[in-house]
$ cat final27.cif   # mmCIF, C-alpha atoms
data_data
#
loop_
_atom_site.label_atom_id
_atom_site.label_comp_id
_atom_site.auth_asym_id
_atom_site.auth_seq_id
_atom_site.Cartn_x
_atom_site.Cartn_y
_atom_site.Cartn_z
CA MET A 608 -34.85 -16.23 27.97
CA SER A 609 -34.86 -19.69 29.48
CA CYS A 610 -31.83 -21.41 31.05
CA SER A 611 -31.42 -23.74 28.07
CA GLU A 612 -30.94 -20.74 25.79
CA VAL A 613 -28.15 -19.24 27.90
CA ASP A 614 -24.64 -20.21 26.79
CA LEU A 615 -22.70 -19.51 29.97
CA ASN A 616 -19.48 -21.02 28.57
CA ALA A 617 -19.51 -18.70 25.58
CA TYR A 618 -20.30 -15.77 27.88
CA LEU A 619 -17.44 -16.65 30.23
CA LEU A 620 -14.97 -17.27 27.41
CA GLY A 621 -15.78 -14.02 25.62
CA GLU A 622 -17.27 -15.75 22.60
CA SER A 623 -20.82 -14.41 23.01
CA PRO A 624 -21.94 -11.89 20.40
CA ALA A 625 -21.98 -8.34 21.76
CA ALA A 626 -25.73 -8.14 21.34
CA GLU A 627 -26.20 -11.33 23.33
CA ARG A 628 -24.27 -10.32 26.44
CA PRO A 629 -26.84 -7.87 27.92
CA ARG A 630 -29.57 -10.53 27.64
CA VAL A 631 -27.36 -13.09 29.40
CA GLU A 632 -26.56 -10.59 32.14
CA ALA A 633 -30.26 -9.80 32.58
CA HIS A 634 -30.98 -13.51 32.89
CA LEU A 635 -28.20 -13.95 35.45
CA ARG A 636 -29.77 -11.26 37.61
CA SER A 637 -33.08 -13.10 37.66
CA CYS A 638 -31.89 -16.74 37.74
CA GLY A 639 -30.05 -17.86 40.85
CA ALA A 640 -29.14 -21.29 39.44
CA CYS A 641 -27.39 -19.85 36.39
CA HIS A 642 -25.73 -17.24 38.57
CA ASP A 643 -24.30 -19.93 40.85
CA GLU A 644 -23.25 -22.05 37.87
CA LEU A 645 -21.37 -19.12 36.38
CA GLU A 646 -19.60 -18.55 39.71
CA ARG A 647 -18.45 -22.19 39.75
CA MET A 648 -17.20 -21.87 36.19
CA LYS A 649 -15.32 -18.71 37.07
CA ALA A 650 -13.70 -20.45 40.02
CA THR A 651 -12.65 -23.36 37.81
CA GLN A 652 -11.17 -20.98 35.26
CA ALA A 653 -9.33 -19.10 38.00
CA ALA A 654 -7.91 -22.40 39.24
CA LEU A 655 -6.72 -23.27 35.74
CA LEU A 656 -5.05 -19.92 35.36
CA ALA A 657 -3.30 -20.42 38.70
CA LEU A 658 -1.07 -22.93 36.97
CA PRO A 659 2.14 -20.95 36.49
CA ASP A 660 3.95 -20.76 33.19
CA GLU A 661 7.30 -22.48 33.09
CA GLU A 662 10.44 -20.85 31.78
CA PRO A 663 12.04 -22.90 29.02
CA PRO A 664 15.14 -24.67 30.38
CA GLN A 665 17.20 -23.13 27.64
CA ARG A 666 16.76 -20.38 25.13
CA ILE A 667 16.08 -21.33 21.56
CA ALA A 668 18.31 -19.55 19.10
CA PHE A 669 19.51 -20.15 15.61
CA VAL A 670 22.84 -19.29 14.07
CA SER A 671 23.35 -18.13 10.55
CA ASP A 672 24.36 -20.95 8.26
CA LYS A 673 25.54 -19.83 4.83
CA VAL A 674 24.40 -23.11 3.32
CA PHE A 675 20.77 -22.41 4.17
CA GLU A 676 20.79 -18.70 3.60
CA PRO A 677 19.19 -17.59 0.37
CA ARG A 678 21.50 -16.23 -2.26
CA TRP A 679 21.33 -12.52 -3.03
CA TYR A 680 19.21 -13.00 -6.12
CA GLN A 681 16.90 -15.36 -4.23
CA ALA A 682 16.49 -12.79 -1.48
CA ILE A 683 15.61 -10.14 -4.08
CA TRP A 684 13.30 -12.44 -5.97
CA ARG A 685 11.47 -13.50 -2.83
CA SER A 686 11.02 -9.95 -1.67
CA GLY A 687 7.67 -9.14 -3.19
CA PRO A 688 7.37 -5.49 -2.09
CA ALA A 689 10.97 -4.76 -3.06
CA MET A 690 10.47 -6.33 -6.48
CA GLY A 691 7.28 -4.36 -6.95
CA PHE A 692 8.96 -1.11 -6.00
CA ALA A 693 11.94 -1.83 -8.24
CA SER A 694 9.65 -2.61 -11.16
CA ALA A 695 7.69 0.58 -10.64
CA ALA A 696 10.90 2.62 -10.37
CA LEU A 697 12.28 1.03 -13.55
CA LEU A 698 9.08 1.75 -15.43
CA ALA A 699 9.06 5.36 -14.24
CA ALA A 700 12.70 5.80 -15.28
CA ALA A 701 11.98 4.34 -18.70
CA ILE A 702 9.10 6.76 -19.19
CA VAL A 703 11.26 9.74 -18.19
CA VAL A 704 14.13 8.69 -20.47
CA HIS A 705 11.78 8.12 -23.37
CA GLY A 706 10.23 11.52 -22.79
CA PHE A 707 13.61 13.29 -22.93
CA ALA A 708 14.94 11.23 -25.83
CA ALA A 709 12.00 11.44 -28.17
CA GLY A 710 10.92 14.94 -27.28
CA VAL A 711 7.48 15.86 -26.34
CA SER A 712 5.33 16.61 -29.40
CA PRO A 713 1.91 17.79 -28.47
CA ALA A 714 -0.87 16.09 -30.21
CA PRO A 715 -2.32 18.17 -33.09
CA LYS A 716 -5.51 19.87 -32.15
CA VAL A 717 -8.09 19.90 -34.90
CA ASP A 718 -10.44 22.81 -34.29
CA ALA A 719 -12.56 23.57 -37.33
CA ALA A 720 -13.69 26.97 -36.13
CA GLN A 721 -10.18 28.12 -35.33
CA MET A 722 -8.91 26.72 -38.60
CA GLU A 723 -11.63 28.53 -40.53
CA GLN A 724 -10.88 31.79 -38.77
CA ARG A 725 -7.21 31.34 -39.46
CA ILE A 726 -7.82 30.72 -43.18
CA GLU A 727 -10.15 33.70 -43.43
CA ARG A 728 -7.62 35.88 -41.69
CA GLU A 729 -4.86 34.67 -43.99
CA VAL A 730 -6.97 35.25 -47.12
CA ASN A 731 -7.96 38.73 -45.98
CA GLN A 732 -4.35 39.59 -45.34
CA ARG A 733 -3.31 38.36 -48.76
CA VAL A 734 -6.19 40.14 -50.57
CA GLU A 735 -5.45 43.35 -48.71
CA ALA A 736 -1.81 43.08 -49.61
CA ALA A 737 -2.64 42.41 -53.27
CA VAL A 738 -5.03 45.35 -53.44
CA THR A 739 -2.54 47.63 -51.78
CA LYS A 740 0.14 46.53 -54.21
CA ALA A 741 -2.16 47.01 -57.23
CA VAL A 742 -3.21 50.48 -56.12
CA SER A 743 0.37 51.38 -55.48
CA ASP A 744 1.41 50.17 -58.91
CA ALA A 745 -1.44 52.08 -60.58
CA GLU A 746 -0.57 55.26 -58.74
CA THR A 747 3.06 54.86 -59.66
CA ARG A 748 2.19 54.25 -63.29
CA GLN A 749 -0.18 57.21 -63.36
CA ASN A 750 2.34 59.50 -61.72
CA ARG A 751 4.91 58.41 -64.23
CA GLU A 752 2.54 59.13 -67.15
CA VAL A 753 1.60 62.52 -65.73
CA ALA A 754 5.23 63.30 -65.36
CA ASN A 755 5.88 62.31 -68.94
CA VAL A 756 2.99 64.45 -70.16
CA LEU A 757 4.16 67.41 -68.17
CA GLU A 758 7.67 66.96 -69.40
CA THR A 759 6.46 66.76 -72.99
CA ALA A 760 4.27 69.81 -72.54
CA GLU A 761 7.08 71.79 -71.01
CA LYS A 762 9.37 70.83 -73.86
CA HIS A 763 6.64 71.80 -76.30
CA TYR A 764 6.00 75.13 -74.64
CA ALA A 765 9.69 75.81 -74.34
CA ALA A 766 10.17 75.15 -78.04
CA GLN A 767 7.14 77.25 -78.84
CA ARG A 768 8.46 80.05 -76.71
CA GLU A 769 11.85 79.91 -78.35
CA ALA A 770 10.21 79.85 -81.72
CA ASP A 771 8.09 82.90 -80.81
CA LEU A 772 11.09 84.68 -79.41
CA SER A 773 13.03 83.90 -82.54
CA ALA A 774 10.18 85.17 -84.71
CA ALA A 775 9.83 88.28 -82.60
CA GLN A 776 13.56 88.91 -82.78
CA GLN A 777 13.50 88.44 -86.51
CA THR A 778 10.60 90.84 -86.76
CA ILE A 779 12.33 93.35 -84.54
CA ALA A 780 15.51 92.94 -86.55
CA TYR A 781 13.51 93.47 -89.80
CA TYR A 782 11.91 96.61 -88.54
CA GLU A 783 15.19 97.87 -87.11
CA LYS A 784 16.85 97.33 -90.42
CA LYS A 785 13.92 99.00 -92.18
CA MET A 786 14.05 101.89 -89.77
CA ASN A 787 17.74 102.21 -90.23
CA ARG A 788 17.25 102.29 -93.92
CA TRP A 789 14.63 104.98 -93.54
CA LEU A 790 17.03 106.93 -91.36
CA VAL A 791 19.82 106.51 -93.81
CA ALA A 792 17.56 107.53 -96.68
CA SER A 793 16.27 110.55 -94.82
CA ASN A 794 19.77 111.57 -93.82
CA GLU A 795 20.82 111.27 -97.49
CA GLU A 796 17.93 113.34 -98.54
CA VAL A 797 18.76 115.90 -95.91
CA ARG A 798 22.35 115.86 -96.87
CA LEU A 799 21.43 116.06 -100.51
CA GLY A 800 18.90 118.76 -99.74
CA GLN A 801 21.49 120.85 -98.05
CA MET B 179 -0.95 -4.61 20.77
CA ILE B 180 -1.16 -3.33 17.29
CA PHE B 181 2.36 -1.97 17.55
CA ARG B 182 3.59 -5.36 18.68
CA GLU B 183 1.80 -7.02 15.76
CA VAL B 184 3.46 -4.67 13.31
CA GLU B 185 6.82 -5.43 14.82
CA ASP B 186 6.21 -9.15 14.44
CA ARG B 187 5.35 -8.61 10.80
CA ASP B 188 8.57 -6.71 10.30
CA LEU B 189 10.55 -9.48 11.95
CA ILE B 190 8.81 -12.07 9.80
CA ALA B 191 9.60 -10.10 6.66
CA LYS B 192 13.26 -9.86 7.61
CA ALA B 193 13.43 -13.52 8.57
CA ARG B 194 11.97 -14.40 5.18
CA ARG B 195 14.91 -12.64 3.58
CA GLY B 196 17.27 -14.80 5.59
CA ASN B 197 17.84 -12.52 8.57
CA VAL B 198 18.49 -15.04 11.36
CA ASP B 199 18.86 -12.37 14.03
CA ALA B 200 15.37 -11.09 13.31
CA TYR B 201 14.04 -14.61 13.56
CA ASN B 202 15.77 -15.12 16.90
CA VAL B 203 13.97 -12.05 18.24
CA LEU B 204 10.71 -13.52 17.02
CA VAL B 205 11.53 -16.83 18.70
CA SER B 206 12.31 -15.11 21.98
CA ARG B 207 8.83 -13.60 21.97
CA TRP B 208 7.00 -16.86 21.40
CA GLU B 209 9.17 -19.62 22.85
CA LYS B 210 7.68 -19.46 26.36
CA ARG B 211 4.11 -19.79 25.13
CA VAL B 212 4.98 -22.60 22.75
CA PHE B 213 7.05 -24.39 25.37
CA ASN B 214 4.28 -24.28 27.98
CA TYR B 215 1.69 -25.46 25.49
CA LEU B 216 3.90 -28.39 24.55
CA LEU B 217 4.80 -29.09 28.17
CA ARG B 218 1.14 -29.41 29.13
CA MET B 219 0.48 -31.53 26.08
CA VAL B 220 3.33 -34.04 26.39
CA ARG B 221 4.02 -33.49 30.11
CA GLN B 222 7.74 -34.11 29.81
CA ARG B 223 10.11 -31.21 30.13
CA GLU B 224 12.82 -32.62 27.84
CA ASP B 225 10.30 -33.63 25.21
CA ALA B 226 8.66 -30.22 25.36
CA MET B 227 12.05 -28.55 24.90
CA ASP B 228 13.01 -30.77 21.96
CA LEU B 229 9.63 -30.23 20.35
CA SER B 230 9.89 -26.47 20.84
CA GLN B 231 13.16 -26.42 18.95
CA ASP B 232 11.65 -28.53 16.19
CA VAL B 233 8.65 -26.22 15.99
CA PHE B 234 10.74 -23.09 15.52
CA LEU B 235 13.07 -24.81 13.08
CA LYS B 236 10.14 -25.94 10.92
CA ALA B 237 8.57 -22.52 11.22
CA TYR B 238 11.77 -20.92 9.92
CA GLN B 239 12.04 -23.38 7.05
CA ASN B 240 8.41 -22.79 6.03
CA LEU B 241 8.11 -19.11 6.82
CA ARG B 242 7.74 -18.22 3.14
CA LYS B 243 4.60 -20.37 2.97
CA LEU B 244 2.89 -18.14 5.51
CA ASP B 245 0.56 -16.05 3.37
CA ASP B 246 -0.47 -13.49 5.96
CA PRO B 247 2.05 -12.54 8.69
CA ALA B 248 -0.87 -11.48 10.91
CA ARG B 249 -1.82 -15.16 11.16
CA PHE B 250 1.58 -16.13 12.50
CA PRO B 251 0.37 -17.14 16.02
CA GLY B 252 -2.20 -19.61 14.75
CA TRP B 253 0.18 -20.88 12.09
CA LEU B 254 2.91 -21.41 14.71
CA PHE B 255 0.58 -23.30 17.04
CA ARG B 256 -0.58 -25.40 14.11
CA ILE B 257 3.00 -26.59 13.75
CA ALA B 258 3.24 -27.13 17.51
CA HIS B 259 0.01 -29.11 17.47
CA ASN B 260 1.38 -31.37 14.73
CA GLU B 261 4.62 -31.91 16.60
CA ALA B 262 2.84 -32.69 19.87
CA TYR B 263 0.47 -35.20 18.33
CA SER B 264 3.29 -36.80 16.36
CA LEU B 265 5.06 -37.54 19.65
CA LEU B 266 1.88 -38.54 21.47
CA ARG B 267 0.99 -41.03 18.74
CA LYS B 268 4.49 -42.42 18.72
CA ASN B 269 4.56 -42.90 22.47
CA ARG B 270 0.98 -44.15 22.78
CA PRO B 271 -0.21 -45.46 19.47
CA GLU B 272 -3.16 -47.20 21.07
CA GLY B 273 -5.03 -43.94 21.60
CA GLU B 274 -5.95 -41.75 24.48
CA LEU B 275 -3.57 -41.00 27.27
CA THR B 276 -4.53 -42.00 30.76
CA MET B 277 -1.67 -40.42 32.61
CA GLU B 278 -1.86 -40.37 36.37
CA PRO B 279 -1.69 -36.94 37.91
CA GLY B 280 1.56 -35.91 39.47
CA THR B 281 3.70 -38.69 38.02
CA GLY B 282 7.40 -38.08 37.59
CA SER B 283 9.78 -36.09 39.69
CA GLN B 284 10.08 -33.37 37.03
CA THR B 285 6.39 -32.50 37.14
CA ALA B 286 6.31 -32.68 40.88
CA ARG B 287 9.00 -30.05 40.99
CA MET B 288 7.33 -27.98 38.31
CA PHE B 289 4.08 -27.36 40.17
CA PRO B 290 4.73 -27.43 43.89
CA MET B 291 1.56 -25.75 45.04
CA GLU B 292 -1.39 -27.93 45.89
CA LEU B 293 -3.81 -26.19 43.58
CA SER B 294 -1.33 -26.35 40.75
CA LEU B 295 -0.97 -30.08 41.30
CA ALA B 296 -4.70 -30.48 41.32
CA VAL B 297 -4.99 -28.55 38.08
CA GLN B 298 -2.22 -30.57 36.50
CA GLY B 299 -3.94 -33.78 37.57
CA ALA B 300 -7.27 -32.61 36.25
CA LEU B 301 -5.76 -31.66 32.92
CA SER B 302 -4.07 -35.05 32.73
CA ARG B 303 -7.39 -36.82 33.04
CA LEU B 304 -8.69 -35.15 29.93
CA SER B 305 -8.23 -36.64 26.51
CA ASP B 306 -5.51 -35.13 24.34
CA ASP B 307 -8.10 -33.32 22.23
CA GLN B 308 -9.92 -31.93 25.26
CA ARG B 309 -6.72 -30.89 27.00
CA GLU B 310 -5.44 -29.19 23.89
CA ALA B 311 -8.76 -27.38 23.49
CA VAL B 312 -8.44 -26.00 27.03
CA LEU B 313 -4.80 -25.06 26.50
CA LEU B 314 -5.51 -23.14 23.32
CA LYS B 315 -8.64 -21.45 24.66
CA VAL B 316 -7.92 -20.72 28.30
CA TYR B 317 -4.13 -20.43 28.33
CA GLN B 318 -3.38 -19.14 24.83
CA GLY B 319 -6.56 -17.12 24.34
CA PHE B 320 -7.36 -18.17 20.79
CA LYS B 321 -10.86 -17.64 19.41
CA PHE B 322 -12.96 -20.61 18.37
CA ASP B 323 -12.45 -19.93 14.65
CA GLU B 324 -8.70 -19.62 15.13
CA MET B 325 -8.67 -22.91 17.01
CA ALA B 326 -10.62 -24.51 14.19
CA GLU B 327 -7.83 -23.52 11.79
CA ILE B 328 -5.10 -24.74 14.10
CA LEU B 329 -6.81 -28.06 14.75
CA GLU B 330 -8.25 -28.35 11.24
CA CYS B 331 -11.72 -29.19 12.43
CA PRO B 332 -15.14 -27.46 12.49
CA VAL B 333 -15.87 -24.71 14.99
CA SER B 334 -18.68 -26.83 16.38
CA THR B 335 -16.16 -29.57 17.21
CA VAL B 336 -13.92 -27.04 18.90
CA LYS B 337 -16.80 -25.71 21.01
CA SER B 338 -17.82 -29.21 21.96
CA ARG B 339 -14.32 -30.10 23.09
CA VAL B 340 -13.91 -26.92 25.10
CA TYR B 341 -17.31 -27.15 26.78
CA THR B 342 -16.92 -30.83 27.64
CA ALA B 343 -13.39 -30.30 28.98
CA LEU B 344 -14.44 -27.33 31.12
CA ASP B 345 -17.35 -29.31 32.53
CA LEU B 346 -15.03 -32.21 33.44
CA LEU B 347 -12.50 -29.83 34.94
CA LYS B 348 -15.21 -28.16 36.98
CA GLN B 349 -16.20 -31.49 38.47
CA THR B 350 -12.63 -32.69 39.02
CA LEU B 351 -11.43 -29.47 40.54
CA ALA B 352 -14.49 -28.84 42.67
CA PRO B 353 -12.91 -30.12 45.90
CA ALA B 354 -9.66 -28.17 45.34
CA VAL B 355 -11.57 -25.06 44.41
CA ALA B 356 -13.76 -25.45 47.49
CA ARG B 357 -10.68 -25.79 49.73
CA GLU B 358 -9.06 -22.83 48.02
CA THR B 359 -12.22 -20.80 48.47
CA ALA B 360 -12.61 -21.85 52.07
CA GLY B 361 -8.93 -21.11 52.72
CA GLY B 362 -9.25 -17.74 51.12
CA THR B 363 -12.21 -16.83 53.28
CA GLU B 364 -10.73 -17.96 56.58
#
$ encode --input "final27.cif" --output "structure tokens"
Amino acid sequence: MSCSEVDLNAYLLGESPAAERPRVEAHLRSCGACHDELERMKATQAALLALPDEEPPQRIAFVSDKVFEPRWYQAIWRSGPAMGFASAALLAAAIVVHGFAAGVSPAPKVDAAQMEQRIEREVNQRVEAAVTKAVSDAETRQNREVANVLETAEKHYAAQREADLSAAQQTIAYYEKKMNRWLVASNEEVRLGQ
Amino acid sequence: MIFREVEDRDLIAKARRGNVDAYNVLVSRWEKRVFNYLLRMVRQREDAMDLSQDVFLKAYQNLRKLDDPARFPGWLFRIAHNEAYSLLRKNRPEGELTMEPGTGSQTARMFPMELSLAVQGALSRLSDDQREAVLLKVYQGFKFDEMAEILECPVSTVKSRVYTALDLLKQTLAPAVARETAGGTE
């Protein structure tokens, strides 16, 4: 690095790029002229900074003047973050109110597989119920018919039995009467024989 | 430093909403720097004080135009620069100032020490642009790009003014610096 490439002012004023500073410092170690020049610049800067700051002769202060103060709506309107926050809060409140007022209705889910399973299950239930009902009706009807047949048969057998009993009784009564007549006839013969 | 910057932002935000007390706190933090900048520019105590009040009044009136509160220092010194040059042009419309060092009883009382007088004289020999460049760079610590915004000129112009002014000051102050150095080593 030659002397013409070294910006001692920028280095002294802190404006040199960070990557440049080590190269300037290396040059300063090897170049006595630049080293002396930098020392003179530092001395000049130190002399400048020896000039003391003055205190202002009086403090500057402002008083509140209602004429120049913004009105309340101007203050709100000019407050960007506050307006943004208020808008966001209003929007959030509107969403909440709408949610409570309208009720939350979940979106219908269309699932073909589930729907098919549901239909199949429903059909099976209905077929099973119909079959069960038909079987039950058939059994009931059959039981009723069997009962009627049995009842008819019983009535028939009862009548037959009564008829047989009556015939038997009539037969018994016939033979009793016949026997009685034989007894009476025999007794007459005996009595007539005596 | 960061904490202080945040506080300034808060004060600026309150001042924007019309809080005068917050603005007065902000003024109290910056009035000394602004006053000394103006004092070394116009070199009259009363003028510097009047200009300082004008600067802070205009800053308050235009605070809502400040886009980024972090840029408040440069923005404030931009107003101070305009005020200083407005007065300098009014007092000396013909151009550059050629003020003699140490003129006026006020300035003589302001900087009693010999080195301070020498510095004040050396600064007075600079042009307004050069002197302002030194004030903003050496005394106020602004970066070149910040100075370019304050002065509304290219960075290259700023660097040129600063380098030329420092070179002139080095030559002008060489005897005083040598005496100071010799005195310090005795």
$ residues_around --input "final27.cif" --residues "segment 308-313 of chain B" --least-positions-apart "5" --cutoff "7 Å" --atoms "all atoms listed in the file" --output "PyMOL selection string"
chain B and resi 215+219+301+318+336+339-340+343
$ closest_atom_pairs --input "final27.cif" --of "chain A" --to "chain B" --cutoff "7 Å" --atoms "all atoms listed in the file" --output "Markdown table"
| residue | atom | partner | partner_atom | distance |
| --- | --- | --- | --- | --- |
| A:Asn616 | CA | B:Tyr341 | CA | 6.7 |
| A:Met648 | CA | B:Lys348 | CA | 6.6 |
| A:Ala650 | CA | B:Val355 | CA | 6.7 |
| A:Thr651 | CA | B:Lys348 | CA | 5.5 |
| A:Ala654 | CA | B:Val355 | CA | 6.9 |
| A:Leu655 | CA | B:Val297 | CA | 6.0 |
| A:Ala657 | CA | B:Ser294 | CA | 6.6 |
| A:Leu658 | CA | B:Ser294 | CA | 5.1 |
| A:Asp660 | CA | B:Asn214 | CA | 6.3 |
| A:Glu661 | CA | B:Asn214 | CA | 6.2 |
| A:Glu662 | CA | B:Lys210 | CA | 6.2 |
| A:Pro663 | CA | B:Lys210 | CA | 6.2 |
| A:Ile667 | CA | B:Gln231 | CA | 6.4 |
| A:Ala668 | CA | B:Asn202 | CA | 5.6 |
| A:Phe669 | CA | B:Asn202 | CA | 6.4 |
| A:Val670 | CA | B:Val198 | CA | 6.7 |
| A:Ser671 | CA | B:Val198 | CA | 5.8 |
| A:Glu676 | CA | B:Gly196 | CA | 5.6 |
| A:Pro677 | CA | B:Gly196 | CA | 6.2 |
| A:Ala682 | CA | B:Arg195 | CA | 5.3 |
$ closest_residue --input "final27.cif" --among "A:Gln665, A:Ser623, A:Gln724, A:Ser611" --to "Cys641 of chain A" --atoms "only C-alpha atoms"
A:Ser611
$ atom_distance --input "final27.cif" --atom1 "atom CA of Pro629 of chain A" --atom2 "atom CA of Glu327 of chain B"
29.4 Å
$ atom_distance --input "final27.cif" --atom1 "atom CA of Leu772 of chain A" --atom2 "atom CA of Val756 of chain A"
23.7 Å
$ atom_distance --input "final27.cif" --atom1 "atom CA of Asp307 of chain B" --atom2 "atom CA of Gly252 of chain B"
16.7 Å
$ closest_residue --input "final27.cif" --among "B:Arg256, B:Arg187, B:Arg221, B:Lys268" --to "Ala237 of chain B" --atoms "only C-alpha atoms"
B:Arg256
$ residues_around --input "final27.cif" --residues "Glu330 of chain B" --least-positions-apart "4" --cutoff "12 Å" --atoms "all atoms listed in the file" --output "mmCIF file with C-alpha atoms, in the frame of the given file"
data_model
loop_
_atom_site.group_PDB
_atom_site.id
_atom_site.type_symbol
_atom_site.label_atom_id
_atom_site.label_comp_id
_atom_site.auth_asym_id
_atom_site.auth_seq_id
_atom_site.Cartn_x
_atom_site.Cartn_y
_atom_site.Cartn_z
ATOM 1 C CA GLY B 252 -2.200 -19.610 14.750
ATOM 2 C CA TRP B 253 0.180 -20.880 12.090
ATOM 3 C CA PHE B 255 0.580 -23.300 17.040
ATOM 4 C CA ARG B 256 -0.580 -25.400 14.110
ATOM 5 C CA ILE B 257 3.000 -26.590 13.750
ATOM 6 C CA HIS B 259 0.010 -29.110 17.470
ATOM 7 C CA ASN B 260 1.380 -31.370 14.730
ATOM 8 C CA PHE B 322 -12.960 -20.610 18.370
ATOM 9 C CA ASP B 323 -12.450 -19.930 14.650
ATOM 10 C CA GLU B 324 -8.700 -19.620 15.130
ATOM 11 C CA MET B 325 -8.670 -22.910 17.010
ATOM 12 C CA ALA B 326 -10.620 -24.510 14.190
ATOM 13 C CA SER B 334 -18.680 -26.830 16.380
ATOM 14 C CA THR B 335 -16.160 -29.570 17.210
ATOM 15 C CA VAL B 336 -13.920 -27.040 18.900
#
